[in-house]
Structures are given as C-alpha cells and as structure tokens.
$ cat target.csv   # CSV, C-alpha atoms
chain,number,residue,atom,x,y,z
A,20,MET,CA,-64.9,-230.0,-14.2
A,21,THR,CA,-61.6,-230.4,-12.4
A,22,ASP,CA,-60.9,-233.7,-10.6
A,23,ILE,CA,-59.7,-233.3,-7.1
A,24,ALA,CA,-56.9,-235.7,-6.3
A,25,ALA,CA,-57.6,-238.0,-3.3
A,26,ALA,CA,-55.6,-237.1,-0.3
A,27,PRO,CA,-52.6,-239.4,0.2
A,28,PRO,CA,-53.0,-241.9,3.1
A,29,LYS,CA,-51.6,-240.9,6.4
A,30,TYR,CA,-49.1,-243.4,7.7
A,31,LEU,CA,-47.4,-243.7,11.1
A,32,PRO,CA,-43.8,-242.6,11.3
A,33,PRO,CA,-41.1,-245.2,10.3
A,34,VAL,CA,-40.4,-247.7,13.0
A,35,THR,CA,-37.2,-247.8,14.9
A,36,ILE,CA,-36.9,-251.4,16.0
A,37,ASP,CA,-35.9,-252.0,19.6
A,38,GLY,CA,-32.9,-254.0,18.7
A,39,ALA,CA,-31.8,-255.5,22.0
A,40,PRO,CA,-35.3,-256.8,23.1
A,41,ALA,CA,-35.9,-258.2,19.6
A,42,LYS,CA,-32.6,-260.1,19.7
A,43,VAL,CA,-33.3,-261.5,23.2
A,44,ALA,CA,-36.8,-262.6,22.2
A,45,GLY,CA,-35.6,-264.1,18.9
A,46,ALA,CA,-32.8,-266.0,20.7
A,47,ALA,CA,-35.2,-267.2,23.4
A,48,PHE,CA,-37.5,-268.6,20.7
A,49,VAL,CA,-34.6,-270.6,19.1
A,50,VAL,CA,-33.3,-271.8,22.5
A,51,GLY,CA,-36.7,-272.6,23.8
A,52,PHE,CA,-37.7,-274.5,20.7
A,53,LEU,CA,-34.6,-276.6,20.7
A,54,ALA,CA,-34.7,-277.2,24.5
A,55,ILE,CA,-38.4,-278.3,24.4
A,56,ALA,CA,-37.8,-280.5,21.4
A,57,TRP,CA,-34.9,-282.2,23.1
A,58,LEU,CA,-36.4,-282.5,26.6
A,59,VAL,CA,-40.0,-283.3,25.6
A,60,ASP,CA,-40.7,-283.8,21.9
A,61,LEU,CA,-41.1,-282.0,18.6
A,62,ARG,CA,-44.9,-281.6,19.0
A,63,GLN,CA,-44.5,-279.7,22.3
A,64,ALA,CA,-41.9,-277.5,20.7
A,65,ALA,CA,-44.3,-276.8,17.8
A,66,LEU,CA,-46.9,-275.7,20.3
A,67,PHE,CA,-44.4,-273.4,21.8
A,68,LEU,CA,-44.1,-271.7,18.4
A,69,VAL,CA,-47.9,-271.6,18.0
A,70,GLY,CA,-47.9,-269.8,21.3
A,71,GLY,CA,-45.4,-267.3,19.9
A,72,GLY,CA,-47.7,-266.7,16.9
A,73,LEU,CA,-50.6,-266.1,19.2
A,74,GLY,CA,-48.5,-263.6,21.1
A,75,VAL,CA,-47.6,-261.7,17.9
A,76,ALA,CA,-51.3,-261.6,16.8
A,77,LEU,CA,-52.5,-260.5,20.2
A,78,TYR,CA,-50.0,-257.7,20.5
A,79,HIS,CA,-50.1,-256.4,17.0
A,80,GLY,CA,-53.9,-256.5,17.0
A,81,SER,CA,-54.2,-255.2,20.6
A,82,PHE,CA,-56.7,-258.1,20.7
A,83,GLY,CA,-58.1,-258.2,24.2
A,84,PHE,CA,-61.6,-258.7,25.5
A,85,THR,CA,-61.3,-256.3,28.4
A,86,GLY,CA,-60.9,-253.1,26.4
A,87,GLY,CA,-63.4,-254.1,23.8
A,88,TRP,CA,-66.1,-254.9,26.3
A,89,ARG,CA,-65.4,-251.6,28.2
A,90,ARG,CA,-65.5,-249.5,25.1
A,91,PHE,CA,-68.9,-251.0,24.1
A,92,VAL,CA,-70.5,-250.3,27.5
A,93,VAL,CA,-68.9,-246.9,27.9
A,94,GLU,CA,-68.8,-245.5,24.4
A,95,GLY,CA,-71.3,-247.7,22.6
A,96,ARG,CA,-68.7,-248.9,20.0
A,97,GLY,CA,-68.8,-252.6,19.2
A,98,ARG,CA,-66.1,-253.1,16.6
A,99,ALA,CA,-64.0,-255.3,19.0
A,100,ILE,CA,-67.0,-257.4,20.0
A,101,ARG,CA,-67.9,-258.1,16.3
A,102,ALA,CA,-64.3,-259.1,15.7
A,103,GLN,CA,-64.4,-261.5,18.6
A,104,MET,CA,-67.7,-263.1,17.4
A,105,LEU,CA,-66.2,-263.5,13.9
A,106,MET,CA,-63.1,-265.2,15.4
A,107,ILE,CA,-65.2,-267.6,17.4
A,108,ALA,CA,-67.4,-268.3,14.3
A,109,VAL,CA,-64.5,-269.2,12.1
A,110,THR,CA,-63.1,-271.5,14.7
A,111,THR,CA,-66.6,-273.1,15.3
A,112,VAL,CA,-67.0,-274.1,11.7
A,113,ALA,CA,-63.8,-276.2,11.9
A,114,MET,CA,-63.8,-277.2,15.5
A,115,ILE,CA,-67.2,-278.8,16.0
A,116,PRO,CA,-66.8,-281.2,13.0
A,117,LEU,CA,-63.3,-282.1,14.1
A,118,LEU,CA,-64.4,-282.8,17.7
A,119,SER,CA,-67.3,-284.9,16.3
A,120,ALA,CA,-64.8,-287.1,14.4
A,121,GLY,CA,-63.1,-287.8,17.7
A,122,SER,CA,-59.6,-288.1,16.3
A,123,LEU,CA,-57.5,-287.1,13.3
A,124,GLY,CA,-54.4,-289.0,12.2
A,125,GLY,CA,-54.4,-291.0,15.4
A,126,GLN,CA,-54.5,-287.9,17.6
A,127,PRO,CA,-57.6,-288.0,19.9
A,128,LEU,CA,-59.5,-284.7,19.9
A,129,VAL,CA,-61.5,-283.4,22.9
A,130,GLY,CA,-63.3,-280.1,23.3
A,131,ALA,CA,-63.3,-277.4,26.0
A,132,LEU,CA,-66.4,-278.9,27.7
A,133,ALA,CA,-67.4,-278.2,31.4
A,134,PRO,CA,-70.3,-278.5,33.7
A,135,VAL,CA,-72.9,-275.7,33.9
A,136,GLY,CA,-73.7,-274.6,37.4
A,137,VAL,CA,-73.1,-272.2,40.3
A,138,SER,CA,-69.3,-272.6,40.1
A,139,VAL,CA,-69.3,-271.3,36.5
A,140,LEU,CA,-71.8,-268.5,37.1
A,141,VAL,CA,-70.0,-267.1,40.2
A,142,GLY,CA,-66.5,-267.7,38.8
A,143,ALA,CA,-67.1,-266.1,35.5
A,144,ALA,CA,-68.8,-263.0,37.1
A,145,ILE,CA,-65.8,-262.7,39.5
A,146,PHE,CA,-63.4,-263.0,36.5
A,147,GLY,CA,-65.3,-260.3,34.5
A,148,LEU,CA,-65.1,-257.9,37.4
A,149,GLY,CA,-61.4,-258.7,38.0
A,150,MET,CA,-60.4,-258.2,34.3
A,151,GLN,CA,-61.7,-254.6,34.4
A,152,LEU,CA,-59.7,-253.9,37.5
A,153,GLY,CA,-56.6,-255.8,36.5
A,154,GLY,CA,-56.6,-254.3,33.0
A,155,GLY,CA,-56.5,-257.4,30.9
A,156,CYS,CA,-58.1,-260.9,30.5
A,157,GLY,CA,-56.2,-264.1,30.5
A,158,SER,CA,-54.6,-263.7,27.1
A,159,GLY,CA,-54.5,-259.9,27.5
A,160,THR,CA,-52.4,-260.2,30.7
A,161,LEU,CA,-49.8,-262.4,28.9
A,162,PHE,CA,-49.4,-260.2,25.8
A,163,THR,CA,-49.1,-257.0,27.8
A,164,VAL,CA,-46.5,-258.5,30.1
A,165,GLY,CA,-44.6,-259.5,27.0
A,166,GLY,CA,-44.9,-255.9,25.7
A,167,GLY,CA,-43.2,-254.7,28.9
A,168,SER,CA,-46.0,-253.6,31.2
A,169,ALA,CA,-44.9,-253.5,34.8
A,170,ARG,CA,-48.6,-253.1,35.9
A,171,MET,CA,-49.6,-256.2,34.1
A,172,LEU,CA,-46.7,-258.1,35.6
A,173,VAL,CA,-48.3,-257.4,39.0
A,174,THR,CA,-51.6,-258.5,37.7
A,175,LEU,CA,-50.1,-261.8,36.4
A,176,ALA,CA,-48.3,-262.4,39.8
A,177,PHE,CA,-51.6,-262.1,41.7
A,178,PHE,CA,-53.5,-264.0,38.9
A,179,VAL,CA,-51.2,-266.9,39.7
A,180,ILE,CA,-51.9,-266.6,43.5
A,181,GLY,CA,-55.6,-266.4,42.9
A,182,ALA,CA,-55.5,-269.5,40.7
A,183,VAL,CA,-53.8,-271.5,43.4
A,184,ILE,CA,-56.4,-270.4,46.0
A,185,GLY,CA,-59.0,-271.5,43.5
A,186,THR,CA,-57.6,-275.0,43.2
A,187,ALA,CA,-57.9,-275.3,47.0
A,188,HIS,CA,-61.6,-274.3,47.0
A,189,LEU,CA,-62.8,-275.8,43.7
A,190,PRO,CA,-63.9,-279.2,45.1
A,191,TRP,CA,-66.3,-277.3,47.5
A,192,TRP,CA,-67.8,-275.2,44.7
A,193,LEU,CA,-68.3,-278.4,42.6
A,194,GLU,CA,-70.6,-279.7,45.3
A,195,LEU,CA,-73.1,-276.9,44.6
A,196,PRO,CA,-76.0,-277.4,42.1
A,197,SER,CA,-74.8,-278.1,38.6
A,198,TRP,CA,-75.7,-279.8,35.3
A,199,PRO,CA,-73.2,-282.0,33.6
A,200,ALA,CA,-71.3,-280.7,30.5
A,201,ILE,CA,-73.6,-280.1,27.6
A,202,SER,CA,-72.2,-280.5,24.1
A,203,LEU,CA,-74.3,-279.0,21.3
A,204,GLY,CA,-72.6,-281.3,18.8
A,205,GLN,CA,-73.4,-284.5,20.8
A,206,THR,CA,-76.9,-283.3,21.6
A,207,PHE,CA,-78.1,-282.0,18.2
A,208,GLY,CA,-75.6,-283.2,15.7
A,209,VAL,CA,-72.8,-281.4,13.9
A,210,ALA,CA,-74.7,-279.3,11.4
A,211,THR,CA,-77.3,-278.1,13.8
A,212,ALA,CA,-74.7,-277.4,16.5
A,213,VAL,CA,-72.7,-275.3,14.1
A,214,LEU,CA,-75.8,-273.4,12.9
A,215,MET,CA,-77.0,-272.7,16.4
A,216,THR,CA,-73.6,-271.4,17.4
A,217,LEU,CA,-73.3,-269.2,14.3
A,218,VAL,CA,-76.8,-267.8,14.9
A,219,GLY,CA,-75.9,-267.0,18.6
A,220,LEU,CA,-72.7,-265.3,17.6
A,221,GLY,CA,-74.5,-263.4,14.8
A,222,LEU,CA,-77.1,-262.1,17.2
A,223,VAL,CA,-74.4,-260.8,19.6
A,224,ALA,CA,-72.8,-259.0,16.7
A,225,LEU,CA,-76.1,-257.7,15.5
A,226,VAL,CA,-77.0,-256.3,18.9
A,227,SER,CA,-73.7,-254.6,19.1
A,228,ALA,CA,-74.2,-253.0,15.7
A,229,LEU,CA,-77.8,-251.9,16.5
A,230,VAL,CA,-76.7,-250.3,19.8
A,231,GLU,CA,-73.8,-248.6,18.1
A,232,ARG,CA,-75.9,-247.2,15.3
A,233,ARG,CA,-78.5,-245.9,17.7
A,234,MET,CA,-75.9,-244.1,19.8
A,235,HIS,CA,-73.7,-242.8,17.0
A,236,GLY,CA,-75.8,-243.0,13.8
A,237,ASP,CA,-73.2,-245.1,12.1
A,238,ILE,CA,-71.1,-248.3,12.5
A,239,GLU,CA,-67.4,-247.9,13.1
A,240,ARG,CA,-65.4,-249.3,10.2
A,241,GLU,CA,-62.1,-251.2,10.3
A,242,PRO,CA,-59.4,-248.5,9.7
A,243,ALA,CA,-57.1,-248.8,6.7
A,244,PRO,CA,-53.5,-250.1,7.4
A,245,LYS,CA,-51.4,-247.5,9.1
A,246,ARG,CA,-48.2,-248.5,7.4
A,247,PRO,CA,-47.3,-248.7,3.6
A,248,GLY,CA,-47.5,-251.9,1.7
A,249,TRP,CA,-47.3,-255.0,3.9
A,250,THR,CA,-45.0,-253.6,6.5
A,251,TRP,CA,-47.8,-253.6,9.0
A,252,LEU,CA,-47.5,-257.4,9.1
A,253,VAL,CA,-44.1,-257.0,10.8
A,254,HIS,CA,-44.4,-253.8,12.6
A,255,GLY,CA,-48.2,-253.6,13.3
A,256,PRO,CA,-50.8,-252.5,14.1
A,257,TRP,CA,-53.0,-255.2,12.7
A,258,PRO,CA,-56.7,-254.8,12.0
A,259,LEU,CA,-58.9,-256.4,14.7
A,260,VAL,CA,-60.5,-258.7,12.1
A,261,GLY,CA,-57.1,-259.8,10.8
A,262,ALA,CA,-55.8,-260.5,14.3
A,263,GLY,CA,-59.0,-262.4,15.1
A,264,LEU,CA,-58.7,-264.6,12.0
A,265,ALA,CA,-55.1,-265.4,12.9
A,266,LEU,CA,-56.1,-266.4,16.4
A,267,ALA,CA,-58.9,-268.6,15.0
A,268,ILE,CA,-56.5,-270.4,12.7
A,269,LEU,CA,-53.9,-270.9,15.5
A,270,ASN,CA,-56.6,-272.2,17.9
A,271,ILE,CA,-57.5,-274.8,15.3
A,272,VAL,CA,-53.8,-275.7,14.9
A,273,THR,CA,-53.6,-276.1,18.7
A,274,LEU,CA,-56.5,-278.5,18.6
A,275,LEU,CA,-54.8,-280.6,15.9
A,276,LEU,CA,-51.4,-280.6,17.7
A,277,ALA,CA,-52.4,-280.8,21.4
A,278,GLY,CA,-55.7,-282.7,21.0
A,279,HIS,CA,-57.6,-280.0,22.8
A,280,PRO,CA,-58.3,-276.3,22.1
A,281,TRP,CA,-56.2,-273.3,23.3
A,282,SER,CA,-56.4,-272.5,27.0
A,283,VAL,CA,-54.4,-270.1,29.2
A,284,THR,CA,-55.1,-270.2,32.9
A,285,PHE,CA,-54.3,-273.8,34.0
A,286,GLY,CA,-50.7,-272.9,33.5
A,287,PHE,CA,-51.0,-270.1,36.1
A,288,GLY,CA,-52.4,-272.4,38.7
A,289,LEU,CA,-49.7,-275.0,38.0
A,290,TRP,CA,-46.9,-272.4,38.3
A,291,GLY,CA,-48.3,-271.2,41.6
A,292,ALA,CA,-48.7,-274.7,42.9
A,293,LYS,CA,-45.0,-275.6,42.1
A,294,ILE,CA,-43.9,-272.4,43.8
A,295,ALA,CA,-46.1,-273.2,46.8
A,296,GLN,CA,-44.5,-276.7,47.0
A,297,GLY,CA,-41.1,-275.1,46.9
A,298,ILE,CA,-41.8,-273.0,50.0
A,299,GLY,CA,-43.3,-275.9,51.9
A,300,ILE,CA,-47.1,-275.6,51.3
A,301,PRO,CA,-48.3,-279.2,50.8
A,302,VAL,CA,-50.5,-278.5,47.7
A,303,GLU,CA,-50.0,-282.2,46.7
A,304,THR,CA,-52.4,-283.1,49.5
A,305,TRP,CA,-55.2,-281.0,48.1
A,306,ALA,CA,-58.1,-282.7,46.3
A,307,PHE,CA,-57.6,-280.8,43.1
A,308,TRP,CA,-53.9,-281.8,42.8
A,309,ASN,CA,-54.9,-285.4,43.3
A,310,TRP,CA,-57.1,-285.5,40.3
A,311,PRO,CA,-55.4,-287.4,37.4
A,312,GLY,CA,-54.7,-284.5,35.1
A,313,PRO,CA,-53.5,-281.9,37.7
A,314,GLN,CA,-51.6,-284.6,39.6
A,315,LYS,CA,-49.6,-285.6,36.5
A,316,ALA,CA,-48.9,-281.9,35.7
A,317,LEU,CA,-47.7,-281.2,39.2
A,318,ASN,CA,-45.4,-284.2,39.2
A,319,SER,CA,-43.9,-283.3,35.8
A,320,SER,CA,-41.8,-280.5,34.4
A,321,VAL,CA,-43.7,-277.3,33.3
A,322,LEU,CA,-42.3,-278.0,29.9
A,323,ASP,CA,-44.5,-281.1,29.7
A,324,ASP,CA,-47.6,-279.0,30.2
A,325,VAL,CA,-49.1,-277.7,26.9
A,326,THR,CA,-50.7,-274.7,28.4
A,327,SER,CA,-47.5,-273.6,30.1
A,328,VAL,CA,-45.3,-273.8,27.0
A,329,MET,CA,-47.9,-272.0,25.0
A,330,ASP,CA,-48.1,-269.3,27.7
A,331,PHE,CA,-44.3,-268.9,27.6
A,332,GLY,CA,-44.6,-268.6,23.8
A,333,ILE,CA,-47.3,-265.9,24.0
A,334,ILE,CA,-45.1,-263.8,26.3
A,335,LEU,CA,-42.1,-264.1,24.0
A,336,GLY,CA,-44.2,-263.6,20.9
A,337,ALA,CA,-45.6,-260.4,22.3
A,338,GLY,CA,-42.2,-259.2,23.3
A,339,LEU,CA,-40.9,-259.8,19.8
A,340,ALA,CA,-43.9,-258.0,18.3
A,341,ALA,CA,-43.5,-255.0,20.6
A,342,SER,CA,-39.8,-254.8,19.7
A,343,LEU,CA,-40.5,-254.9,16.0
A,344,ALA,CA,-43.1,-252.2,16.5
A,345,GLY,CA,-40.6,-250.1,18.4
A,346,SER,CA,-42.9,-250.0,21.4
A,347,PHE,CA,-41.2,-252.2,23.9
A,348,ALA,CA,-41.0,-249.8,26.8
A,349,PRO,CA,-41.0,-251.2,30.4
A,350,GLN,CA,-42.3,-248.7,32.9
A,351,ALA,CA,-41.8,-249.0,36.6
A,352,LYS,CA,-43.9,-246.1,37.8
A,353,LEU,CA,-47.2,-247.3,39.2
A,354,PRO,CA,-49.7,-245.2,41.1
A,355,ILE,CA,-51.0,-246.7,44.3
A,356,GLY,CA,-54.6,-246.9,43.1
A,357,SER,CA,-53.6,-248.6,39.9
A,358,LEU,CA,-51.4,-251.0,41.8
A,359,MET,CA,-54.2,-251.9,44.2
A,360,ALA,CA,-56.5,-252.5,41.2
A,361,ALA,CA,-53.9,-254.8,39.6
A,362,ILE,CA,-53.6,-256.8,42.8
A,363,ILE,CA,-57.3,-257.2,43.4
A,364,GLY,CA,-58.0,-257.8,39.7
A,365,GLY,CA,-55.3,-260.4,39.4
A,366,LEU,CA,-56.6,-262.3,42.5
A,367,LEU,CA,-60.2,-262.2,41.2
A,368,MET,CA,-59.3,-263.4,37.7
A,369,GLY,CA,-57.2,-266.3,39.0
A,370,TYR,CA,-59.8,-267.4,41.5
A,371,GLY,CA,-62.7,-266.9,39.0
A,372,ALA,CA,-61.0,-268.7,36.2
A,373,ARG,CA,-60.4,-271.8,38.3
A,374,LEU,CA,-64.0,-271.9,39.5
A,375,SER,CA,-65.4,-271.4,35.9
A,376,PHE,CA,-63.1,-273.8,34.1
A,377,GLY,CA,-61.2,-271.2,32.2
A,378,CYS,CA,-61.0,-267.5,31.1
A,379,ASN,CA,-62.0,-265.6,28.1
A,380,ILE,CA,-59.9,-268.1,26.0
A,381,GLY,CA,-60.4,-271.5,27.6
A,382,ALA,CA,-64.1,-271.0,28.6
A,383,LEU,CA,-65.5,-268.4,26.2
A,384,PHE,CA,-63.5,-268.7,22.9
A,385,SER,CA,-62.6,-272.4,23.0
A,386,GLY,CA,-65.8,-273.4,24.9
A,387,ILE,CA,-68.2,-271.8,22.5
A,388,ALA,CA,-66.2,-273.0,19.5
A,389,SER,CA,-66.3,-276.5,21.0
A,390,GLY,CA,-70.1,-276.3,21.2
A,391,SER,CA,-70.1,-276.3,25.0
A,392,VAL,CA,-73.1,-274.6,26.6
A,393,HIS,CA,-70.9,-273.6,29.5
A,394,GLY,CA,-69.1,-271.2,27.2
A,395,TRP,CA,-72.3,-269.2,26.6
A,396,VAL,CA,-73.1,-269.2,30.3
A,397,TRP,CA,-69.6,-268.0,31.0
A,398,PHE,CA,-69.9,-265.2,28.4
A,399,ALA,CA,-73.1,-263.8,30.0
A,400,ALA,CA,-71.9,-264.0,33.6
A,401,ALA,CA,-68.5,-262.5,32.8
A,402,PHE,CA,-70.0,-259.6,30.9
A,403,GLY,CA,-72.3,-258.9,33.9
A,404,GLY,CA,-69.2,-258.9,36.2
A,405,SER,CA,-67.4,-256.7,33.7
A,406,LEU,CA,-70.1,-254.1,34.0
A,407,VAL,CA,-69.5,-253.9,37.8
A,408,GLY,CA,-65.8,-253.7,37.2
A,409,VAL,CA,-66.1,-250.8,34.8
A,410,TRP,CA,-68.3,-249.1,37.4
A,411,LEU,CA,-65.6,-249.6,40.1
A,412,ARG,CA,-62.6,-248.5,38.0
A,413,PRO,CA,-62.8,-244.8,38.9
A,414,ALA,CA,-62.5,-245.7,42.6
A,415,PHE,CA,-58.9,-246.7,41.7
A,416,GLY,CA,-58.1,-243.7,39.6
A,417,LEU,CA,-58.9,-245.6,36.3
A,418,ASP,CA,-61.3,-244.6,33.5
A,419,GLY,CA,-64.7,-246.1,33.7
A,420,PHE,CA,-68.3,-244.8,33.4
A,421,ARG,CA,-67.3,-241.3,34.5
A,422,LYS,CA,-67.0,-238.8,31.7
$ encode --input "target.csv" --output "structure tokens"
Amino acid sequence: MTDIAAAPPKYLPPVTIDGAPAKVAGAAFVVGFLAIAWLVDLRQAALFLVGGGLGVALYHGSFGFTGGWRRFVVEGRGRAIRAQMLMIAVTTVAMIPLLSAGSLGGQPLVGALAPVGVSVLVGAAIFGLGMQLGGGCGSGTLFTVGGGSARMLVTLAFFVIGAVIGTAHLPWWLELPSWPAISLGQTFGVATAVLMTLVGLGLVALVSALVERRMHGDIEREPAPKRPGWTWLVHGPWPLVGAGLALAILNIVTLLLAGHPWSVTFGFGLWGAKIAQGIGIPVETWAFWNWPGPQKALNSSVLDDVTSVMDFGIILGAGLAASLAGSFAPQAKLPIGSLMAAIIGGLLMGYGARLSFGCNIGALFSGIASGSVHGWVWFAAAFGGSLVGVWLRPAFGLDGFRK
C-alpha cells in the first residue's frame, strides 16, 4: 500500500511591510512613552504601551464583537463568540479574586461595577444597534481607525459627539428605575462568583455550538496559522483564541497597573468635552462634569486620563500591526449610504455607551469579568439591539440578513 504524502500547508504570500507607516508608528510609540513618562509618570507610560499591545492583538486577530455577532445571527457560525467567552473566562478567574483582595502592593483595585436599570437596558440596546451600522464596537472602532479605515474615522468622530451628548443626558436617565450595582463576588463569595460566571459563559458558548452544529452539521475549527513558523506573530493574522488570550492577559495587567479594568469610551466623551469647551460650549456646568471623577479629568490633561492614553496606544498599536502585515491602506472613497450608517452608528454608540456605563469592553468584557451583574444585562440588551442593527444594514447598502 502506497502512502500518500500529506499536502503541504498553504501559506499567504510573503509580506511586504509598509515601511513609512511602520516607522511613524514606531517613532510615535517611543516619543509617546517618553513624553508620558516625563509629563505624568512611568505607570501611565506603561499603560500607554499596554494599549499598544491591545491594538496589535485586536488588529492581528481582527478581534471585534460586531462582526462575530453578525456572523452568528446571519450564518450560524459561533467561533468568534466562543473565543470571546473564553477571553472573559480567563480574565474572570484572575480578576474576581484580585478585586476581592481590594489591593495589591499598595495599589487599590476596583472592578467595573455599575447599577442595573433602565439606563443600562436602553443604552446597551442603542449601542448594539449602532455598532452594526457603524461597523465596529468600541475597541473595534479604534483598531480599524489605526489600520487606516476612513469610514471608521467617521464613526469615531460621531462616537465622540454621541458620547458628549450622553454626558448631558445621563443624570436624567439615572433618575429612572434602577437597582444599585450588584457584585457577585461581594454577594456570594469569590469561589461561587467565579463558578457562576464560568457556568454562564460556558452556556453561551454551548448554545453557539449547538446552533452551529444544527445549521451546518459541524463546528468550525480554528484555522491553522497562515504563515510559516512563528512569523504570524509579527505579520498576522492571529487565531481568534490566541488574540483573545492576549487581550485577557493585558486586561489583567491593566487592572494591576491602573487599579481598574480596561475601558474605552470614557476617553471619547472626555475628548469631545474638551473640544466643546474650546469652542465655547460650557460643558463644565453640566452635572456629569461636576461629578468628582469626570471633573478631575476635564480639568486635567488627557495624558493624565488612563482611558485616553490606552486608546491612543490602541490606535498606534493597530497602525503598527497593519504596517507589519502590509495592509495599511487608507481609503477615502465612501459611498453615501455607508457614510450615513457610520454617522448614525457612531452617534448611537457614543450615546448608548454613556447611558450604559461602557461598551463591549468596559461594560461587557470588564463588567462580567469583575463579577458585575450589569455586564450580563448589557450583553443581553446589546445583542438584542445588534439584531435590529443587522436587519437595518441593507437599508444603507451594507450586508445584513439579505442573501
């Protein structure tokens, strides 16, 4: 019997690195790190680098919630959702015990906890709808902007505007019915909270697998690396599971350095508020910007704000990753339907994120991993809004439920 040799693996063509963007991004990292270390402190500069690592992982893994959720509801493929659940599970195992300790090495640790009420339900649903029109979630918007997407730059600009409007309206929303923040760790203890969270995440992953098997007869496996050896680490693409594990580790590092988990969208509202101040809009008189945390951020440099410096790092990290992958390709052409969807989606995401205390990162990922019940409520409401968004996409010339 003659053995038939296995077919050699099929790799992507060799990468031609985009030299100029790579040099600009690399130089920006060095200059940014040194500037932040000098103007603020070394810890803040380290968080800037952590943001860069997040940007690399997000870009090389194409790790966004928007596309993964849309693929599941349209095609019945849940590989991305299972990778997201694994990412949150790994973070949970470390984060809930750390938060229960209260501090580490003199650094106080606080979780992404928020009230559970009408504001979260409505805000998350609005966000879910907006992310399908805008084409990206909170983190997805940043890494695609870093990769050179002109459309996502429009989404980001209106994300910022929506976030500022949300700060004006949030006090009214908080007067609506709500329960206080509920921490599973404080309510049930560390071990039970971790177990409850892992069971919940496992059930979501199981449902996605059962749906996928029923529709397709099999479960989509993680593809083999598309580049020889370990070159995929530099040039991408990364497997979803690998990117998710990198994001989990970096979120834990963020907690240890910043004293709170990774978040994205507060920075957008802060940037917009500072721009509004600059053109004469008295945002400093608004109730939100007189609360202690926001007031301090508004009266300080953006380099003092952890979320902002990490957001800057994410954009630069994604830009560097795109350059190393040879795929940094800014495109100015933008059809009118796609442009309108980006504008509306950005506004909805910015407004919804402010009402619901975060986006897919600050509310869902960091919220659930912190043991916060509001993270689960956010997940359910945002997924429902996402279904509506997928249904509306064809009206703007985008793919959706249509075949």
$ residues_around --input "target.csv" --residues "Val272 (chain A)" --least-positions-apart "6" --cutoff "9 Å" --atoms "all atoms listed in the file" --output "MDAnalysis selection string"
chainID A and resid 66 69 280
$ closest_residue --input "target.csv" --among "A:Met171, A:Leu128, A:Leu374, A:Ala176" --to "Trp192 (chain A)" --atoms "only C-alpha atoms"
A:Leu374
$ atom_distance --input "target.csv" --atom1 "CA of Pro32 (chain A)" --atom2 "CA of Ala47 (chain A)"
28.7 Å
$ residues_around --input "target.csv" --residues "Gln205 (chain A)" --least-positions-apart "4" --cutoff "10 Å" --atoms "all atoms listed in the file" --output "list in words"
Ile115, Leu118, Ser119, Ile201, Val209, Ala212, Gly390 and Ser391 of chain A
$ closest_atom_pairs --input "target.csv" --of "region 367-409 of chain A" --to "region 213-225 of chain A" --cutoff "12 Å" --atoms "only C-alpha atoms" --output "tab-separated table"
residue	atom	partner	partner_atom	distance
A:Leu383	CA	A:Leu220	CA	11.6
A:Phe384	CA	A:Leu220	CA	11.1
A:Gly386	CA	A:Thr216	CA	11.0
A:Ile387	CA	A:Thr216	CA	7.4
A:Ala388	CA	A:Thr216	CA	7.9
A:Ser389	CA	A:Val213	CA	9.5
A:Gly390	CA	A:Thr216	CA	7.1
A:Ser391	CA	A:Thr216	CA	9.7
A:Val392	CA	A:Thr216	CA	9.8
A:Gly394	CA	A:Thr216	CA	10.8
A:Trp395	CA	A:Gly219	CA	9.0
A:Phe398	CA	A:Val223	CA	10.8
A:Ala399	CA	A:Val223	CA	10.9
$ closest_residue --input "target.csv" --among "A:Pro354, A:Gly408, A:Gly166, A:Gly136" --to "Ala41 (chain A)" --atoms "only C-alpha atoms"
A:Gly166
$ atom_distance --input "target.csv" --atom1 "CA of Lys315 (chain A)" --atom2 "CA of Ile268 (chain A)"
29.1 Å
$ residues_around --input "target.csv" --residues "region 177-184 of chain A" --least-positions-apart "2" --cutoff "7 Å" --atoms "all atoms listed in the file" --output "JSON, numbers by chain"
{"A": [173, 174, 175, 186, 187, 188, 287, 288, 291, 292, 362, 365, 366, 367, 368, 369, 370, 373]}
$ residues_around --input "target.csv" --residues "Ala400 (chain A)" --least-positions-apart "6" --cutoff "8 Å" --atoms "all atoms listed in the file" --output "PDB file with C-alpha atoms, in the coordinates of the input"
ATOM      1  CA  LEU A 140     -71.800-268.500  37.100  1.00  0.00           C
ATOM      2  CA  VAL A 141     -70.000-267.100  40.200  1.00  0.00           C
ATOM      3  CA  ALA A 143     -67.100-266.100  35.500  1.00  0.00           C
ATOM      4  CA  ALA A 144     -68.800-263.000  37.100  1.00  0.00           C
ATOM      5  CA  GLY A 147     -65.300-260.300  34.500  1.00  0.00           C
TER       6      GLY A 147
END
$ atom_distance --input "target.csv" --atom1 "CA of Phe307 (chain A)" --atom2 "CA of Ala372 (chain A)"
14.3 Å
$ closest_atom_pairs --input "target.csv" --of "region 340-375 of chain A" --to "region 151-160 of chain A" --cutoff "6 Å" --atoms "all atoms listed in the file" --output "tab-separated table"
residue	atom	partner	partner_atom	distance
A:Ala360	CA	A:Leu152	CA	5.1
A:Ala361	CA	A:Gly153	CA	4.2
A:Gly364	CA	A:Gly153	CA	4.0
A:Gly365	CA	A:Gly153	CA	5.6
